[in-house]
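Source file: protein_24.txt; contents: compact mmCIF, C-alpha atoms.
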```txt
# COMPACT_ATOMS: atom_id res chain seq x y z
CA MET A 1 122.38 255.16 -39.22
CA SER A 2 120.88 251.79 -40.14
CA GLN A 3 117.39 250.94 -39.04
CA PRO A 4 116.94 247.93 -36.68
CA THR A 5 115.73 244.80 -38.36
CA ALA A 6 112.06 244.24 -37.68
CA HIS A 7 111.18 241.03 -35.84
CA ARG A 8 109.26 238.70 -38.10
CA GLU A 9 106.84 236.03 -36.94
CA PRO A 10 107.46 232.57 -38.42
CA PRO A 11 105.16 231.84 -41.33
CA MET A 12 101.89 230.16 -40.43
CA PRO A 13 101.38 226.63 -41.72
CA PRO A 14 99.11 226.38 -44.73
CA PRO A 15 95.47 225.61 -43.97
CA GLY A 16 94.50 221.98 -43.94
CA PRO A 17 94.61 218.95 -41.67
CA LEU A 18 97.40 218.74 -39.12
CA PRO A 19 100.10 216.16 -39.81
CA GLU A 20 99.43 212.75 -38.28
CA PHE A 21 101.77 211.50 -35.58
CA ARG A 22 102.01 207.80 -34.77
CA ALA A 23 104.14 205.64 -32.56
CA VAL A 24 106.90 203.84 -34.41
CA GLU A 25 106.06 200.14 -34.22
CA SER A 26 108.59 197.40 -33.85
CA PRO A 27 109.97 196.28 -37.22
CA TYR A 28 109.53 192.70 -35.98
CA LEU A 29 105.77 193.01 -35.56
CA THR A 30 104.41 191.53 -38.79
CA ASP A 31 101.14 191.88 -40.65
CA ALA A 32 100.28 188.29 -39.69
CA GLY A 33 100.88 189.11 -36.02
CA ARG A 34 98.77 192.26 -36.18
CA GLU A 35 95.93 190.45 -37.91
CA LEU A 36 95.84 187.69 -35.31
CA ARG A 37 96.04 190.25 -32.48
CA ASP A 38 93.11 192.18 -33.96
CA ARG A 39 91.05 189.01 -34.34
CA ILE A 40 91.73 188.28 -30.67
CA ARG A 41 90.63 191.78 -29.65
CA ASP A 42 87.33 191.20 -31.43
CA LEU A 43 86.85 188.14 -29.19
CA VAL A 44 87.34 189.99 -25.89
CA PRO A 45 83.58 190.36 -25.14
CA LEU A 46 82.95 186.63 -25.77
CA ILE A 47 85.94 185.52 -23.69
CA ARG A 48 85.06 187.75 -20.73
CA GLU A 49 81.40 186.79 -20.90
CA GLN A 50 82.25 183.08 -20.63
CA ALA A 51 85.25 183.35 -18.28
CA ARG A 52 83.23 182.62 -15.15
CA GLU A 53 81.67 179.49 -16.69
CA ALA A 54 85.14 178.42 -17.82
CA GLU A 55 86.35 178.67 -14.23
CA ARG A 56 83.41 176.57 -13.09
CA ILE A 57 84.14 173.72 -15.51
CA GLY A 58 87.92 174.04 -15.17
CA ALA A 59 88.52 174.46 -18.90
CA LEU A 60 87.83 176.87 -21.74
CA THR A 61 84.22 176.74 -22.87
CA PRO A 62 83.56 175.06 -26.22
CA ASP A 63 82.65 178.44 -27.75
CA VAL A 64 85.90 180.09 -26.67
CA LEU A 65 88.03 177.07 -27.62
CA ARG A 66 86.49 177.02 -31.08
CA ALA A 67 86.87 180.79 -31.49
CA LEU A 68 90.55 180.68 -30.54
CA ASP A 69 91.15 177.77 -32.88
CA GLU A 70 89.38 179.49 -35.78
CA ALA A 71 91.33 182.68 -35.13
CA GLY A 72 94.55 180.70 -35.53
CA VAL A 73 95.87 180.81 -31.95
CA TYR A 74 96.85 177.12 -31.84
CA ARG A 75 98.58 177.36 -35.23
CA MET A 76 100.59 180.50 -34.56
CA THR A 77 103.82 178.63 -33.77
CA MET A 78 103.24 175.62 -35.98
CA PRO A 79 105.34 175.28 -39.15
CA VAL A 80 104.17 176.85 -42.39
CA GLU A 81 104.36 173.33 -43.84
CA TRP A 82 101.65 172.29 -41.37
CA GLY A 83 99.41 175.23 -42.24
CA GLY A 84 100.70 177.29 -39.32
CA SER A 85 101.78 180.93 -39.03
CA ALA A 86 105.20 180.26 -37.45
CA LEU A 87 105.20 183.68 -35.77
CA GLY A 88 108.32 185.20 -34.24
CA ALA A 89 108.80 186.33 -30.66
CA ARG A 90 107.50 189.91 -31.03
CA ASP A 91 104.30 188.76 -32.72
CA ILE A 92 103.70 186.16 -30.01
CA VAL A 93 104.07 188.74 -27.26
CA GLU A 94 101.49 190.91 -29.00
CA VAL A 95 98.99 188.08 -29.45
CA VAL A 96 99.32 186.55 -25.97
CA ALA A 97 99.08 189.95 -24.28
CA ALA A 98 95.93 190.76 -26.28
CA LEU A 99 94.38 187.48 -25.16
CA ALA A 100 95.30 188.18 -21.54
CA GLU A 101 93.48 191.51 -21.67
CA ALA A 102 90.35 189.37 -21.93
CA ASP A 103 91.22 186.48 -19.61
CA GLY A 104 94.36 184.96 -18.14
CA SER A 105 93.27 181.35 -18.67
CA ALA A 106 92.63 181.94 -22.37
CA ALA A 107 96.08 183.51 -22.69
CA TRP A 108 97.65 180.62 -20.78
CA SER A 109 96.11 178.28 -23.32
CA ALA A 110 97.95 180.16 -26.05
CA PHE A 111 101.18 180.18 -24.04
CA VAL A 112 101.00 176.40 -23.67
CA GLY A 113 100.68 176.08 -27.43
CA VAL A 114 103.81 178.19 -27.88
CA GLY A 115 105.89 175.92 -25.66
CA LEU A 116 104.61 172.68 -27.06
CA ARG A 117 105.88 173.35 -30.57
CA ASN A 118 109.08 172.06 -29.04
CA PHE A 119 107.79 168.52 -29.55
CA LEU A 120 109.16 168.98 -33.07
CA ALA A 121 112.52 168.17 -31.46
CA LEU A 122 111.34 164.60 -30.82
CA GLN A 123 112.16 161.69 -33.08
CA PRO A 124 110.92 162.16 -36.67
CA ARG A 125 108.56 159.19 -36.65
CA VAL A 126 106.47 160.41 -33.70
CA VAL A 127 106.47 163.98 -35.07
CA GLU A 128 104.95 162.65 -38.28
CA GLU A 129 102.42 160.56 -36.33
CA ILE A 130 101.26 163.65 -34.45
CA ARG A 131 101.13 165.76 -37.61
CA LYS A 132 98.82 163.33 -39.37
CA ASP A 133 96.69 162.71 -36.30
CA ILE A 134 95.86 166.37 -35.51
CA GLU A 135 94.59 167.38 -38.95
CA GLY A 136 91.28 169.11 -38.23
CA TRP A 137 91.82 168.93 -34.45
CA VAL A 138 90.29 171.83 -32.48
CA GLY A 139 92.63 172.97 -29.72
CA PRO A 140 96.28 172.32 -28.85
CA ALA A 141 97.93 169.27 -30.36
CA LEU A 142 99.80 168.15 -27.31
CA VAL A 143 99.99 168.75 -23.55
CA GLY A 144 103.16 168.67 -21.47
CA ALA A 145 103.25 167.55 -17.83
CA SER A 146 106.15 167.06 -15.39
CA VAL A 147 108.74 167.12 -18.16
CA PHE A 148 111.53 168.73 -16.11
CA ALA A 149 110.00 168.25 -12.66
CA THR A 150 111.72 166.64 -9.70
CA THR A 151 109.00 163.99 -9.50
CA VAL A 152 108.12 162.23 -12.75
CA GLY A 153 106.76 158.90 -13.96
CA ASN A 154 108.58 155.58 -14.11
CA ALA A 155 109.95 153.78 -17.15
CA ARG A 156 111.78 150.51 -17.66
CA LYS A 157 113.24 149.20 -20.89
CA ALA A 158 111.33 146.51 -22.77
CA ASP A 159 111.67 144.90 -26.20
CA GLY A 160 111.07 147.64 -28.78
CA GLY A 161 110.15 150.28 -26.24
CA TRP A 162 109.39 151.15 -22.64
CA MET A 163 106.90 150.18 -19.96
CA VAL A 164 105.67 153.38 -18.35
CA ASN A 165 103.46 154.31 -15.39
CA GLY A 166 103.11 157.30 -13.08
CA ARG A 167 101.42 160.54 -12.28
CA TRP A 168 102.28 163.84 -13.94
CA ALA A 169 101.26 167.26 -12.61
CA PHE A 170 100.23 170.54 -14.25
CA GLY A 171 99.09 169.20 -17.61
CA SER A 172 97.80 172.58 -18.83
CA GLY A 173 95.31 172.18 -21.67
CA CYS A 174 94.92 168.44 -21.14
CA LYS A 175 91.14 168.49 -21.58
CA HIS A 176 91.59 169.88 -25.09
CA ALA A 177 94.77 168.12 -26.27
CA ARG A 178 95.18 164.95 -28.32
CA TRP A 179 98.62 163.82 -27.08
CA ALA A 180 100.75 164.20 -23.94
CA LEU A 181 104.48 164.66 -23.43
CA VAL A 182 105.50 163.51 -19.93
CA GLY A 183 108.72 163.06 -17.99
CA VAL A 184 110.03 159.67 -16.87
CA ALA A 185 112.88 158.35 -14.76
CA PHE A 186 114.63 155.07 -15.54
CA ASP A 187 117.64 153.06 -14.48
CA PRO A 188 120.61 154.09 -16.63
CA ALA A 189 122.52 151.00 -15.54
CA GLU A 190 119.98 148.87 -17.38
CA ALA A 191 118.99 151.14 -20.27
CA GLY A 192 121.94 153.49 -20.70
CA GLY A 193 121.48 157.23 -21.01
CA THR A 194 121.00 159.75 -18.21
CA GLY A 195 118.15 158.21 -16.25
CA ARG A 196 115.74 160.99 -17.28
CA GLY A 197 113.67 161.21 -20.43
CA VAL A 198 110.32 162.08 -21.98
CA VAL A 199 107.72 159.88 -23.64
CA VAL A 200 104.72 160.73 -25.79
CA LEU A 201 101.38 159.21 -24.80
CA GLU A 202 98.19 158.93 -26.80
CA ARG A 203 95.02 160.27 -25.18
CA GLU A 204 93.73 156.75 -24.55
CA GLN A 205 96.83 155.86 -22.50
CA PHE A 206 96.32 158.25 -19.58
CA GLU A 207 93.58 159.37 -17.20
CA ILE A 208 92.87 163.03 -16.41
CA LEU A 209 92.48 163.50 -12.66
CA ASP A 210 89.96 165.92 -11.18
CA ASP A 211 92.52 167.79 -9.08
CA TRP A 212 92.73 171.28 -10.61
CA HIS A 213 90.89 173.23 -7.88
CA VAL A 214 92.93 176.40 -7.51
CA MET A 215 92.78 180.12 -6.74
CA GLY A 216 93.61 181.30 -10.25
CA LEU A 217 93.99 180.25 -13.88
CA SER A 218 91.18 177.84 -13.07
CA ALA A 219 90.11 177.44 -16.69
CA THR A 220 93.47 176.19 -17.95
CA SER A 221 92.63 172.52 -17.27
CA SER A 222 96.05 172.08 -15.68
CA ASN A 223 95.03 168.75 -14.18
CA SER A 224 97.32 165.87 -13.34
CA LEU A 225 97.62 162.92 -15.71
CA GLN A 226 97.90 159.35 -14.53
CA ALA A 227 98.68 155.86 -15.76
CA THR A 228 98.27 153.47 -12.82
CA GLU A 229 99.22 150.35 -14.78
CA ASP A 230 102.17 149.82 -17.09
CA ILE A 231 101.57 151.03 -20.63
CA PHE A 232 103.81 150.25 -23.59
CA VAL A 233 105.50 153.17 -25.34
CA PRO A 234 107.53 152.32 -28.47
CA ASP A 235 111.14 153.46 -28.74
CA HIS A 236 110.43 156.17 -31.28
CA ARG A 237 108.17 157.94 -28.77
CA PHE A 238 110.99 158.22 -26.21
CA LEU A 239 113.79 160.78 -25.94
CA ASP A 240 116.56 161.10 -23.37
CA LEU A 241 116.50 164.58 -21.82
CA ALA A 242 120.16 165.15 -22.68
CA GLU A 243 119.24 164.94 -26.36
CA PHE A 244 116.53 167.57 -26.05
CA PRO A 245 118.61 170.82 -26.18
CA PRO A 246 120.63 169.89 -29.29
CA ARG A 247 117.50 168.66 -31.05
CA LEU A 248 115.75 171.94 -30.23
CA ASP A 249 118.61 173.74 -31.93
CA GLN A 250 118.16 171.60 -35.05
CA ILE A 251 114.46 172.41 -35.55
CA ARG A 252 115.35 175.56 -37.49
CA HIS A 253 116.90 173.51 -40.28
CA HIS A 254 113.72 171.62 -41.13
CA TYR A 255 110.74 174.03 -41.07
CA SER A 256 109.80 177.41 -42.53
CA GLY A 257 108.71 180.65 -40.89
CA ALA A 258 110.16 183.11 -38.37
CA ALA A 259 109.53 180.77 -35.44
CA PHE A 260 111.73 178.14 -37.03
CA GLN A 261 114.71 180.34 -37.75
CA GLN A 262 115.31 180.52 -33.99
CA SER A 263 118.03 178.62 -32.19
CA GLY A 264 117.09 176.26 -29.39
CA ARG A 265 117.96 178.93 -26.83
CA ALA A 266 115.82 181.53 -28.62
CA LEU A 267 112.93 179.04 -28.70
CA LEU A 268 113.09 178.69 -24.92
CA MET A 269 113.38 182.46 -24.46
CA THR A 270 110.25 182.91 -26.56
CA VAL A 271 108.40 180.60 -24.18
CA ALA A 272 109.49 182.82 -21.25
CA LEU A 273 108.43 185.93 -23.17
CA SER A 274 104.97 184.51 -23.87
CA ASN A 275 104.57 183.52 -20.21
CA THR A 276 105.33 187.02 -18.92
CA SER A 277 103.14 188.53 -21.65
CA ILE A 278 100.15 187.01 -19.84
CA ALA A 279 100.86 189.23 -16.82
CA LEU A 280 101.35 192.23 -19.11
CA GLY A 281 98.04 191.73 -20.90
CA MET A 282 96.14 191.18 -17.65
CA ALA A 283 97.55 194.42 -16.23
CA ARG A 284 96.42 196.27 -19.33
CA GLY A 285 93.00 194.65 -19.06
CA ALA A 286 92.74 195.57 -15.37
CA LEU A 287 93.62 199.20 -16.13
CA SER A 288 90.93 199.47 -18.82
CA CYS A 289 88.36 197.88 -16.48
CA PHE A 290 89.44 200.24 -13.69
CA ALA A 291 88.96 203.31 -15.90
CA GLU A 292 85.51 202.17 -16.98
CA GLN A 293 84.32 201.25 -13.48
CA ALA A 294 85.84 204.26 -11.70
CA ALA A 295 83.88 206.62 -13.94
CA ARG A 296 80.52 205.18 -12.89
CA ARG A 297 81.05 204.16 -9.26
CA LYS A 298 80.64 206.46 -6.28
CA PRO A 299 83.23 206.33 -3.50
CA PHE A 300 82.07 204.86 -0.19
CA THR A 301 83.68 207.50 2.03
CA LEU A 302 84.70 210.76 0.35
CA PRO A 303 82.05 213.05 -1.21
CA TYR A 304 83.23 212.90 -4.82
CA PRO A 305 80.78 212.38 -7.69
CA SER A 306 82.71 209.28 -8.77
CA VAL A 307 85.81 207.28 -7.91
CA ALA A 308 87.43 208.78 -11.01
CA ASP A 309 87.18 212.24 -9.42
CA MET A 310 89.26 211.16 -6.41
CA ALA A 311 92.86 212.36 -6.43
CA SER A 312 93.95 209.05 -4.92
CA ALA A 313 92.32 207.14 -7.78
CA GLN A 314 93.98 209.38 -10.33
CA VAL A 315 97.37 208.81 -8.71
CA ALA A 316 96.75 205.04 -8.61
CA ALA A 317 95.82 204.98 -12.28
CA GLY A 318 98.94 206.94 -13.20
CA ARG A 319 101.22 204.76 -11.08
CA ALA A 320 99.70 201.60 -12.54
CA GLN A 321 100.16 202.96 -16.04
CA ALA A 322 103.84 203.64 -15.34
CA MET A 323 104.33 200.08 -14.04
CA ILE A 324 102.62 198.61 -17.09
CA VAL A 325 104.55 200.77 -19.56
CA LEU A 326 107.86 199.84 -17.96
CA ALA A 327 107.00 196.14 -17.90
CA GLY A 328 105.75 196.22 -21.48
CA SER A 329 108.86 198.04 -22.68
CA THR A 330 111.05 195.38 -21.07
CA ILE A 331 109.13 192.44 -22.48
CA GLU A 332 108.80 193.92 -25.97
CA ARG A 333 112.45 195.01 -26.05
CA PHE A 334 113.68 191.50 -25.37
CA ALA A 335 111.21 190.03 -27.87
CA ASP A 336 112.71 192.36 -30.46
CA GLN A 337 116.17 191.19 -29.43
CA VAL A 338 115.21 187.55 -29.99
CA ASP A 339 113.87 188.33 -33.47
CA ALA A 340 116.79 190.64 -34.34
CA ARG A 341 119.44 188.15 -33.31
CA THR A 342 117.58 185.35 -35.04
CA GLN A 343 117.61 187.28 -38.31
CA ALA A 344 121.30 188.11 -37.86
CA GLY A 345 122.25 184.56 -36.90
CA LEU A 346 123.47 185.69 -33.48
CA GLU A 347 123.11 183.82 -30.20
CA PHE A 348 122.59 184.83 -26.58
CA SER A 349 125.25 183.98 -24.02
CA ASP A 350 124.47 182.11 -20.80
CA GLU A 351 124.89 185.37 -18.88
CA GLU A 352 122.53 187.29 -21.17
CA GLU A 353 119.87 184.60 -21.06
CA SER A 354 120.01 184.47 -17.28
CA GLU A 355 119.85 188.26 -16.97
CA ILE A 356 116.93 188.51 -19.39
CA SER A 357 115.01 185.77 -17.60
CA LEU A 358 115.32 187.68 -14.33
CA ALA A 359 114.25 190.96 -15.94
CA LEU A 360 111.19 189.27 -17.48
CA ALA A 361 110.20 187.75 -14.14
CA TYR A 362 110.55 191.14 -12.46
CA ALA A 363 108.40 192.73 -15.18
CA ALA A 364 105.67 190.14 -14.55
CA ASN A 365 105.74 190.95 -10.83
CA LEU A 366 105.50 194.65 -11.65
CA CYS A 367 102.34 193.91 -13.61
CA GLU A 368 100.93 192.01 -10.65
CA ASP A 369 101.66 195.00 -8.41
CA ALA A 370 99.78 197.26 -10.82
CA ILE A 371 96.75 194.97 -10.82
CA ASN A 372 96.71 194.79 -7.02
CA LEU A 373 96.97 198.57 -6.74
CA LEU A 374 94.00 199.07 -9.05
CA GLN A 375 91.87 196.49 -7.24
CA LYS A 376 92.55 197.96 -3.80
CA THR A 377 91.89 201.49 -5.03
CA LEU A 378 88.52 200.62 -6.55
CA GLY A 379 87.51 198.71 -3.43
CA SER A 380 84.93 196.14 -2.48
CA SER A 381 83.01 196.34 -5.76
CA THR A 382 85.85 194.37 -7.35
CA ILE A 383 85.36 191.27 -5.19
CA ALA A 384 82.24 190.14 -7.06
CA LEU A 385 82.97 187.04 -9.16
CA SER A 386 81.33 188.81 -12.09
CA ASN A 387 84.03 191.51 -12.02
CA PRO A 388 87.02 190.78 -14.29
CA ILE A 389 89.38 192.68 -11.97
CA GLN A 390 89.18 190.07 -9.20
CA ARG A 391 90.01 187.38 -11.74
CA PHE A 392 93.02 189.36 -12.94
CA VAL A 393 94.20 189.59 -9.30
CA ARG A 394 93.94 185.84 -8.73
CA ASP A 395 95.31 184.83 -12.11
CA ALA A 396 98.29 187.19 -11.84
CA ARG A 397 99.28 185.66 -8.51
CA VAL A 398 99.32 182.21 -10.10
CA VAL A 399 101.32 183.40 -13.12
CA THR A 400 104.04 184.94 -10.93
CA SER A 401 104.11 181.78 -8.79
CA HIS A 402 105.19 179.71 -11.80
CA GLY A 403 108.54 178.08 -11.12
CA ALA A 404 110.20 179.36 -14.30
CA ILE A 405 109.52 183.06 -13.59
CA ARG A 406 109.93 183.37 -9.84
CA VAL A 407 112.15 186.34 -9.07
CA ASP A 408 114.18 185.10 -6.09
CA PRO A 409 115.61 181.90 -7.64
CA LEU A 410 116.47 183.79 -10.83
CA ALA A 411 118.02 186.58 -8.77
CA GLU A 412 120.12 184.00 -6.89
CA GLN A 413 121.42 182.59 -10.18
CA ASN A 414 122.43 186.05 -11.37
CA GLY A 415 123.80 186.95 -7.96
CA ARG A 416 126.03 183.87 -7.94
CA ARG A 417 127.48 184.89 -11.27
CA LEU A 418 127.97 188.51 -10.21
CA LEU A 419 129.75 187.42 -7.05
CA GLY A 420 132.04 184.99 -8.82
CA ILE A 421 130.25 181.81 -7.71
CA GLU A 422 129.49 179.14 -10.33
CA PRO A 423 125.76 179.28 -11.28
CA PHE A 424 123.69 176.13 -11.21
CA PRO A 425 123.33 174.31 -14.58
CA MET A 426 119.98 175.25 -16.09
CA VAL A 427 117.89 174.68 -19.22
CA GLY A 428 116.48 177.91 -20.61
CA ALA A 429 118.04 179.81 -17.66
CA ALA A 430 115.16 178.80 -15.38
CA VAL A 431 114.75 175.02 -15.35
CA PRO A 432 117.34 172.79 -13.63
CA GLN A 433 119.14 170.30 -15.85
CA ARG A 434 118.20 166.73 -15.04
CA GLY A 435 120.63 163.90 -15.68
CA THR A 436 123.99 163.92 -17.39
CA THR A 437 125.22 163.55 -20.93
CA ALA A 438 123.53 160.74 -22.84
CA PRO A 439 125.15 158.51 -25.45
CA GLU A 440 124.25 159.20 -29.05
CA ARG A 441 120.96 157.78 -30.26
CA GLU A 442 119.09 158.18 -33.52
CA PRO A 443 120.70 161.02 -35.55
CA VAL A 444 118.86 164.33 -35.63
CA ARG A 445 117.22 164.74 -39.00
```
Write the structure described by the file as structure tokens, please.
Amino acid sequence: MSQPTAHREPPMPPPGPLPEFRAVESPYLTDAGRELRDRIRDLVPLIREQAREAERIGALTPDVLRALDEAGVYRMTMPVEWGGSALGARDIVEVVAALAEADGSAAWSAFVGVGLRNFLALQPRVVEEIRKDIEGWVGPALVGASVFATTVGNARKADGGWMVNGRWAFGSGCKHARWALVGVAFDPAEAGGTGRGVVVLEREQFEILDDWHVMGLSATSSNSLQATEDIFVPDHRFLDLAEFPPRLDQIRHHYSGAAFQQSGRALLMTVALSNTSIALGMARGALSCFAEQAARRKPFTLPYPSVADMASAQVAAGRAQAMIVLAGSTIERFADQVDARTQAGLEFSDEEESEISLALAYAANLCEDAINLLQKTLGSSTIALSNPIQRFVRDARVVTSHGAIRVDPLAEQNGRRLLGIEPFPMVGAAVPQRGTTAPEREPVR
């Protein structure tokens, strides 16, 4: 009769260090993106230390502006030919979110720089003027104000150009920028075109109004710009809005770097990604501040040694973490999609762009919910102006109030499509188209 086979224990691993396990990073996160992100993380103490003073003056402090410029924030989406990094979408999400962990206004400053690379779609002569003029400039090259808004400035055709006047709102970064891109309305019966356009103004041609007194993102210098009297703008500094989308699509044929392989649609999606990354970074920053403060604060009511010992605080921290992870996964996934399709030469459909824009807006609101939960859980200690958490609360509310990432209008657009109703015509899935098709002007280079 055969003997039963003895049970053998699996062999023990050889002595030595345990194998190292790491998260698999996105293949679209580059060394340049990581390096810039890490430089930003080194600046977190400086940015937080000066955030309250920045709110008081309504702009980034000179120290923070200089530090961001030296780190390369304002060059991260500029062409390689201009000495820029030309980072792709995934890198930009990483950098902007890292900045937002320190302060929302500092991250908004970077977001503005991402969007304003689109001035490269303007006429070649003004692009070259700006390139030469900003050599050695500290801060963003150009500010945009009321470009697609319902209310814009006025323009009338003149010999060799346009006479322009008006007031333009939300000129984020205007106290640090050298040029301004502003929207204008004109009479198409006299000048041709669609009746809507943009013009580029030099700093000496407009006044910055002291009207940015707001509940959040106070240090973004998002003041209004004004030209009360007619100023002359030469033809080459004007562009009809109908020409803007096709010119955006042509940028990729003229500059080097990942940022300039993108189609016009991918460029606009990257702007939306960087905007929502501000909310993501602030939620991460609020969670880290919550963990640090909860460990050393005593609860007002229950007899626990610290807030961190409270079951309710532990649940809040876990719920907030889940919200932040879900939001981050959504934002990072779509950033990867932008980079992947760019490399493959693939485009997004109208339906996909609209759906992604809604998902990104929802993710930003999820981050705001996480921040609010953490603030309410920690309690009255967070209301001190010296506490970063209260600033995250206020700044997040302003971010999610931005017209381009408000959930309900984006949900309506998607709902119309789902229910078989024609969606409204939009630019970048979130901004209404203004005007109609324009006649051909100067060829795109």
Please provide the set of residues having any atom within 12 Å of A:Ala121, restricted to all atoms listed in the file, with same-chain residues fewer than 2 positions apart removed, written as an mmCIF file with C-alpha atoms, keeping the file's coordinate frame.
```cif
data_model
loop_
_atom_site.group_PDB
_atom_site.id
_atom_site.type_symbol
_atom_site.label_atom_id
_atom_site.label_comp_id
_atom_site.auth_asym_id
_atom_site.auth_seq_id
_atom_site.Cartn_x
_atom_site.Cartn_y
_atom_site.Cartn_z
ATOM 1 C CA GLY A 115 105.890 175.920 -25.660
ATOM 2 C CA LEU A 116 104.610 172.680 -27.060
ATOM 3 C CA ARG A 117 105.880 173.350 -30.570
ATOM 4 C CA ASN A 118 109.080 172.060 -29.040
ATOM 5 C CA PHE A 119 107.790 168.520 -29.550
ATOM 6 C CA GLN A 123 112.160 161.690 -33.080
ATOM 7 C CA PRO A 124 110.920 162.160 -36.670
ATOM 8 C CA ARG A 125 108.560 159.190 -36.650
ATOM 9 C CA VAL A 126 106.470 160.410 -33.700
ATOM 10 C CA VAL A 127 106.470 163.980 -35.070
ATOM 11 C CA GLU A 128 104.950 162.650 -38.280
ATOM 12 C CA LEU A 181 104.480 164.660 -23.430
ATOM 13 C CA VAL A 198 110.320 162.080 -21.980
ATOM 14 C CA ARG A 237 108.170 157.940 -28.770
ATOM 15 C CA PHE A 238 110.990 158.220 -26.210
ATOM 16 C CA LEU A 239 113.790 160.780 -25.940
ATOM 17 C CA ASP A 240 116.560 161.100 -23.370
ATOM 18 C CA LEU A 241 116.500 164.580 -21.820
ATOM 19 C CA GLU A 243 119.240 164.940 -26.360
ATOM 20 C CA PHE A 244 116.530 167.570 -26.050
ATOM 21 C CA PRO A 245 118.610 170.820 -26.180
ATOM 22 C CA PRO A 246 120.630 169.890 -29.290
ATOM 23 C CA ARG A 247 117.500 168.660 -31.050
ATOM 24 C CA LEU A 248 115.750 171.940 -30.230
ATOM 25 C CA ASP A 249 118.610 173.740 -31.930
ATOM 26 C CA GLN A 250 118.160 171.600 -35.050
ATOM 27 C CA ILE A 251 114.460 172.410 -35.550
ATOM 28 C CA ARG A 252 115.350 175.560 -37.490
ATOM 29 C CA HIS A 253 116.900 173.510 -40.280
ATOM 30 C CA HIS A 254 113.720 171.620 -41.130
ATOM 31 C CA TYR A 255 110.740 174.030 -41.070
ATOM 32 C CA PHE A 260 111.730 178.140 -37.030
ATOM 33 C CA SER A 263 118.030 178.620 -32.190
ATOM 34 C CA GLY A 264 117.090 176.260 -29.390
ATOM 35 C CA LEU A 267 112.930 179.040 -28.700
ATOM 36 C CA PRO A 443 120.700 161.020 -35.550
ATOM 37 C CA VAL A 444 118.860 164.330 -35.630
ATOM 38 C CA ARG A 445 117.220 164.740 -39.000
#
```
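Within the 10 Å cut-off around stretch 413-428 of chain A, using all atoms listed in the file and omitting residues fewer than 3 positions from it on the same chain, the listed residues are A:Phe148, A:Phe244, A:Pro245, A:Gly264, A:Arg265, A:Ala266, A:Leu267, A:Leu268, A:Met269, A:Thr270, A:Val271, A:Ala272, A:Asp350, A:Glu351, A:Glu352, A:Glu353, A:Ser354, A:Glu355, A:Ser357, A:Leu358, A:Ala404, A:Asp408, A:Pro409, A:Leu410, A:Val431, A:Pro432, A:Gln433, A:Arg434.
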What are the closest atom pairs, with distances in Å to one decimal, for all residues of stretch 41-60 of chain A lying within 9 Å of stretch 86-108 of chain A? Consider only C-alpha atoms, order rows by chain and residue number, and present the result as a tab-separated table.
```
residue	atom	partner	partner_atom	distance
A:Arg41	CA	A:Ala98	CA	6.4
A:Leu43	CA	A:Ala102	CA	8.2
A:Val44	CA	A:Ala102	CA	5.0
A:Pro45	CA	A:Ala102	CA	7.6
A:Leu46	CA	A:Ala102	CA	8.8
A:Ile47	CA	A:Ala102	CA	6.1
A:Arg48	CA	A:Ala102	CA	5.7
A:Ala51	CA	A:Asp103	CA	6.9
A:Ala54	CA	A:Ser105	CA	8.7
A:Glu55	CA	A:Ser105	CA	8.6
A:Ala59	CA	A:Ser105	CA	8.4
A:Leu60	CA	A:Ala106	CA	7.0
```
Counting all atoms listed in the file, which residues of stretch 84-163 of chain A sit at most 12 Å from some atom of stretch 202-209 of chain A, and what is each one's closest atom pair with its distance in Å to one decimal, listed by chain and rising residue number, as CSV?
```
residue,atom,partner,partner_atom,distance
A:Val126,CA,A:Glu202,CA,10.9
A:Glu129,CA,A:Glu202,CA,10.6
A:Ile130,CA,A:Glu202,CA,9.5
A:Asp133,CA,A:Glu202,CA,10.3
A:Ile134,CA,A:Glu202,CA,11.7
A:Ala141,CA,A:Arg203,CA,10.8
A:Leu142,CA,A:Glu202,CA,9.4
A:Val143,CA,A:Arg203,CA,10.0
A:Ala145,CA,A:Ile208,CA,11.4
A:Gly153,CA,A:Phe206,CA,11.9
A:Met163,CA,A:Gln205,CA,11.8
```
Seminar exercise, completed: From atom CA of A:Met78 to atom CA of A:Ser256 the spacing works out at 9.4 Å
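For the pair atom CA of A:His236 and atom CA of A:Trp162, the separation is 10.0 Å.
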Problem set entry | Within 7 Å of stretch 366-383 of chain A using only C-alpha atoms, minus same-chain residues under 3 positions, as an MDAnalysis selection string | chainID A and resid 279:280 283 286 290 294 313 316:317 320 323:324 327 362:363 387 389:390 393 396:397
Exercise. Rounded to one decimal in Å, what is the spacing between atom CA of A:Val64 and atom CA of A:Arg34?
Worked result: 20.1 Å
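Shortest atom-to-atom contact with A:Ala189 among A:Arg341, A:Ala335, A:Pro140, A:Lys157: A:Lys157, counting all atoms listed in the file.
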For this session: Measuring atom to atom with only C-alpha atoms, identify which of A:Arg297, A:Leu287, A:Gln343, A:Asp210 is nearest to A:Ile57.
Result: A:Asp210
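Closest approach to A:Trp137 among A:Trp179, A:Tyr28, A:Phe348, A:Tyr304 is made by A:Trp179 (distances from all atoms listed in the file).
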